[in-house]
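**Q** Handing over target.txt, compact mmCIF, C-alpha atoms.
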```txt
# COMPACT_ATOMS: atom_id res chain seq x y z
CA MET A 83 0.00 0.00 0.00
CA ASP A 84 1.23 3.47 -0.85
CA ALA A 85 0.10 6.84 -2.13
CA ALA A 86 1.08 8.56 -5.34
CA HIS A 87 0.62 12.29 -5.82
CA PHE A 88 0.31 13.12 -9.51
CA VAL A 89 0.71 16.81 -10.37
CA GLN A 90 -0.68 18.08 -13.65
CA GLY A 91 2.37 19.59 -15.21
CA SER A 92 4.98 18.85 -17.82
CA PHE A 93 6.41 15.34 -18.01
CA LEU A 94 9.34 15.70 -20.32
CA GLY A 95 10.05 13.65 -23.37
CA CYS A 96 12.36 14.04 -26.35
CA LEU A 97 11.62 15.34 -29.81
CA TRP A 98 14.12 15.79 -32.61
CA SER A 99 13.18 18.27 -35.28
CA LYS A 100 14.94 20.32 -37.94
CA THR A 101 12.66 23.26 -37.25
CA LYS A 102 11.47 24.82 -34.02
CA ILE A 103 8.22 23.27 -32.83
CA PHE A 104 6.17 24.50 -29.91
CA ILE A 105 4.42 21.77 -27.98
CA PRO A 106 1.66 22.59 -25.52
CA SER A 107 2.23 21.74 -21.88
CA SER A 108 0.15 22.08 -18.76
CA SER A 109 0.95 25.03 -16.57
CA GLY A 110 -1.29 24.05 -13.68
CA ARG A 111 -0.16 22.64 -10.38
CA ARG A 112 -3.32 20.72 -9.48
CA ARG A 113 -2.67 17.45 -7.74
CA TYR A 114 -4.48 14.14 -8.00
CA ASN A 115 -3.77 11.76 -5.13
CA VAL A 116 -4.17 8.02 -5.43
CA LEU A 117 -3.83 5.87 -2.32
CA GLY A 118 -3.60 2.31 -3.52
CA ALA A 119 -3.26 -1.21 -2.27
CA LEU A 120 -2.03 -3.94 -4.58
CA ASN A 121 -2.78 -7.61 -4.00
CA ALA A 122 0.59 -9.22 -4.68
CA ILE A 123 -1.01 -12.50 -5.79
CA THR A 124 -4.08 -11.48 -7.84
CA LYS A 125 -2.64 -8.07 -8.92
CA GLU A 126 -5.98 -6.43 -8.01
CA VAL A 127 -5.66 -2.73 -7.20
CA ILE A 128 -7.94 -1.05 -4.68
CA THR A 129 -7.77 2.74 -4.52
CA VAL A 130 -9.00 5.85 -2.80
CA GLU A 131 -8.56 8.98 -4.90
CA ASN A 132 -8.90 12.66 -4.11
CA GLU A 133 -7.72 16.13 -5.08
CA GLY A 134 -6.95 17.29 -1.54
CA TYR A 135 -4.68 15.37 0.79
CA ILE A 136 -4.02 11.81 1.78
CA ASN A 137 -4.53 11.52 5.52
CA SER A 138 -5.53 8.98 8.16
CA GLU A 139 -9.17 9.19 7.04
CA SER A 140 -8.15 8.23 3.49
CA VAL A 141 -6.16 5.30 4.84
CA GLY A 142 -9.11 4.22 6.99
CA GLU A 143 -11.39 4.36 3.93
CA LEU A 144 -8.96 2.16 2.01
CA LEU A 145 -8.69 -0.33 4.88
CA ILE A 146 -12.49 -0.68 4.91
CA LYS A 147 -12.53 -1.30 1.13
CA ILE A 148 -9.83 -3.95 1.54
CA ALA A 149 -11.71 -5.64 4.39
CA HIS A 150 -14.86 -5.89 2.25
CA ARG A 151 -12.98 -7.58 -0.61
CA ARG A 152 -10.81 -10.04 1.26
CA ILE A 153 -11.22 -13.79 1.10
CA ASN A 154 -9.27 -14.88 4.19
CA ASP A 155 -9.90 -13.90 7.79
CA LYS A 156 -6.52 -12.21 8.08
CA THR A 157 -4.91 -9.62 5.82
CA THR A 158 -1.40 -8.19 6.04
CA LEU A 159 -0.64 -4.85 4.43
CA ILE A 160 2.92 -3.81 3.66
CA LEU A 161 3.32 -0.05 3.81
CA ASP A 162 5.85 2.69 4.43
CA ASN A 163 6.20 4.85 7.53
CA ALA A 164 4.20 7.89 6.40
CA LYS A 165 2.78 9.63 9.47
CA TYR A 166 -0.80 9.31 8.23
CA GLN A 167 -0.32 5.52 8.09
CA THR A 168 1.40 4.99 11.44
CA CYS A 169 -1.00 7.02 13.59
CA ASP A 170 -3.23 5.57 16.32
CA ALA A 171 -6.43 6.13 14.31
CA VAL A 172 -5.18 3.91 11.47
CA ASN A 173 -3.84 1.28 13.88
CA ASN A 174 -7.22 1.15 15.66
CA ILE A 175 -9.16 0.73 12.41
CA ALA A 176 -6.73 -1.99 11.30
CA LYS A 177 -7.24 -3.87 14.58
CA GLU A 178 -11.03 -3.64 14.26
CA LEU A 179 -10.85 -5.01 10.71
CA ASN A 180 -8.32 -7.74 11.61
CA ILE A 181 -5.67 -6.28 9.30
CA ASP A 182 -1.99 -6.53 10.23
CA LEU A 183 0.14 -3.53 9.27
CA LEU A 184 3.72 -4.40 8.34
CA PHE A 185 5.86 -1.27 8.06
CA LEU A 186 8.88 -1.21 5.76
CA PRO A 187 12.22 0.18 6.93
CA PRO A 188 12.69 3.91 6.22
CA TYR A 189 13.90 4.86 2.73
CA SER A 190 13.15 1.50 1.12
CA PRO A 191 10.54 2.16 -1.59
CA ASN A 192 12.21 -0.54 -3.72
CA LEU A 193 10.68 -3.12 -1.34
CA ASN A 194 7.14 -1.87 -1.93
CA LEU A 195 5.61 -3.58 -4.96
CA ILE A 196 3.09 -0.81 -5.60
CA GLU A 197 5.92 1.63 -6.36
CA ARG A 198 6.32 -0.30 -9.62
CA LEU A 199 2.66 0.39 -10.39
CA TRP A 200 3.15 4.13 -9.89
CA LYS A 201 6.13 4.05 -12.28
CA PHE A 202 3.98 2.14 -14.78
CA VAL A 203 1.20 4.75 -14.50
CA LYS A 204 3.64 7.60 -15.10
CA LYS A 205 5.07 5.82 -18.15
CA HIS A 206 1.71 5.09 -19.79
CA ALA A 207 -0.43 8.01 -18.68
CA LEU A 208 1.89 10.97 -18.15
CA ASN A 209 5.27 10.82 -19.90
CA SER A 210 5.28 13.09 -22.97
CA LYS A 211 1.50 13.53 -22.81
CA TYR A 212 -0.51 16.74 -22.77
CA TYR A 213 -3.92 17.03 -21.14
CA SER A 214 -5.74 20.29 -21.66
CA THR A 215 -8.04 19.77 -18.67
CA PHE A 216 -7.60 18.37 -15.20
CA ASP A 217 -10.47 15.94 -15.80
CA GLU A 218 -8.62 14.46 -18.81
CA PHE A 219 -5.50 14.18 -16.64
CA LYS A 220 -7.37 12.29 -13.88
CA LYS A 221 -9.13 10.05 -16.39
CA ALA A 222 -5.81 9.07 -18.00
CA ILE A 223 -4.38 8.05 -14.63
CA CYS A 224 -7.50 6.06 -13.67
CA ASN A 225 -7.57 4.34 -17.06
CA VAL A 226 -4.06 2.99 -16.50
CA VAL A 227 -4.54 2.07 -12.83
CA HIS A 228 -7.82 0.26 -13.54
CA THR A 229 -7.02 -0.87 -17.08
CA ASP A 230 -8.88 -3.59 -18.94
CA ASN A 231 -6.53 -3.34 -21.94
CA ILE A 232 -5.09 -6.84 -22.41
CA GLU A 233 -1.67 -5.60 -23.58
CA LEU A 234 -1.32 -3.21 -20.65
CA ILE A 235 -2.48 -5.89 -18.20
CA LYS A 236 0.18 -8.30 -19.49
CA GLU A 237 2.93 -5.67 -19.25
CA ARG A 238 1.76 -4.64 -15.78
CA GLU A 239 1.67 -8.24 -14.52
CA ASP A 240 5.22 -8.83 -15.78
CA LEU A 241 6.34 -5.70 -13.95
CA LEU A 242 4.51 -6.63 -10.74
CA SER A 243 6.14 -10.02 -10.33
CA LEU A 244 7.41 -11.00 -6.92
CA LYS A 245 10.99 -11.05 -8.16
CA PHE A 246 13.32 -8.82 -6.17
CA GLN A 247 17.04 -8.33 -6.57
CA ASP A 248 19.02 -10.87 -4.55
CA PHE A 249 22.38 -9.92 -3.11
CA ASN A 250 23.46 -13.39 -1.92
CA LYS A 251 26.15 -13.68 -4.61
CA ALA A 252 27.30 -10.06 -4.46
CA LYS A 253 30.99 -9.44 -3.92
CA ILE A 254 31.97 -6.70 -1.53
CA SER A 255 35.14 -4.90 -2.41
CA SER A 256 37.28 -3.38 0.28
CA GLY A 257 38.24 -0.13 -0.93
```
Write the structure described by the file as structure tokens, please.

**A**
Amino acid sequence: MDAAHFVQGSFLGCLWSKTKIFIPSSSGRRRYNVLGALNAITKEVITVENEGYINSESVGELLIKIAHRRINDKTTLILDNAKYQTCDAVNNIAKELNIDLLFLPPYSPNLNLIERLWKFVKKHALNSKYYSTFDEFKKAICNVVHTDNIELIKEREDLLSLKFQDFNKAKISSG
């Protein structure tokens, strides 16, 4: 589980041209927040979205959605140490819903599988794309997060595998 804060602005790309070309870009700074939980096995994504802030109430709302969809009696969520996720209110809701919260070590986003999803969303919805309205911007993000496009689903599933880099055979050099 993690939040992504998408700001409607320019996401740079490259263009080679013999003549000067002006390309439109968004000048706004509106933000679209997506708090998401990714089922590591089924790859299902459950989200809470807003244009304000992600806070403990948002996390509580997501925990309730997760509890309504679960199959087993017990659920474990892996999440980072954001203050709105570690507070007493969230811990109390999690206990009520029989959800274990497993917090990652600080500064370890590479261990959170959903970070790959956010990178995927930026690649397919935002990089080198122009949206003239904020509604188009939000729709593009939601279309990628909740895609039913077979090709995108396949690419996303490959990206969201449970394979992590293993350092067992790494050689440490002394200086």

**Q** List as JSON, numbers by chain: which residues have an atom within 12 Å of (3.4, 20.1, -17.5), counting all atoms listed in the file?

**A** {"A": [88, 89, 90, 91, 92, 93, 94, 95, 105, 106, 107, 108, 109, 110, 111, 112, 113, 208, 209, 210, 211, 212, 213, 214, 215, 216, 219]}

**Q** Report, in Å with one decimal, the straight-line distance from CA of Val172 in chain A to CA of Gly142 in chain A.

**A** 6.0 Å

**Q** Could you give me, as number ranges by chain, the residues within 10 Å of range 115-128 of chain A, counting only C-alpha atoms and dropping anything in the same chain fewer than 4 positions from it?

**A** A: 83-89, 132-137, 140-141, 143-145, 147-148, 151-152, 159-161, 194-197, 199-200, 220, 223-224, 227-228, 235, 238-239, 242-244

**Q** In terms of the shortest atom-to-atom distance over all atoms listed in the file, which of A:His206, A:Tyr114, A:Ser138, A:Ile153 is closest to Asn174 in chain A?

**A** A:Ser138

**Q** Measuring atom to atom with all atoms listed in the file, identify which of A:Ile175, A:Ala164, A:Leu234, A:Ile103 is nearest to Pro187 in chain A.

**A**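 For Pro187 in chain A, the nearest of the given residues is A:Ala164.
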
**Q** If you measure from CA of Leu183 in chain A to CA of Thr158 in chain A, what distance in Å do you get, rounded to one decimal?

**A**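 A separation of 5.9 Å between them.
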
**Q** Could you tell me how far CA of Lys204 in chain A sits from CA of Ala222 in chain A, in Å to one decimal place?

**A**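 Between CA of Ala222 in chain A and CA of Lys204 in chain A the gap is 10.0 Å.
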
**Q** From the set A:Val203, A:Ala149, A:Ala171, A:Lys156, which residue has the shortest atom-to-atom contact distance to Lys221 in chain A, counting only C-alpha atoms?

**A**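 For Lys221 in chain A, the nearest of the given residues is A:Val203.
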
**Q** Using only C-alpha atoms, which of A:Pro191, A:Val130, A:Lys201, A:Leu179 sits nearest Asn154 in chain A?

**A**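 Of A:Pro191, A:Val130, A:Lys201, A:Leu179, the one nearest Asn154 in chain A is A:Leu179, counting only C-alpha atoms.
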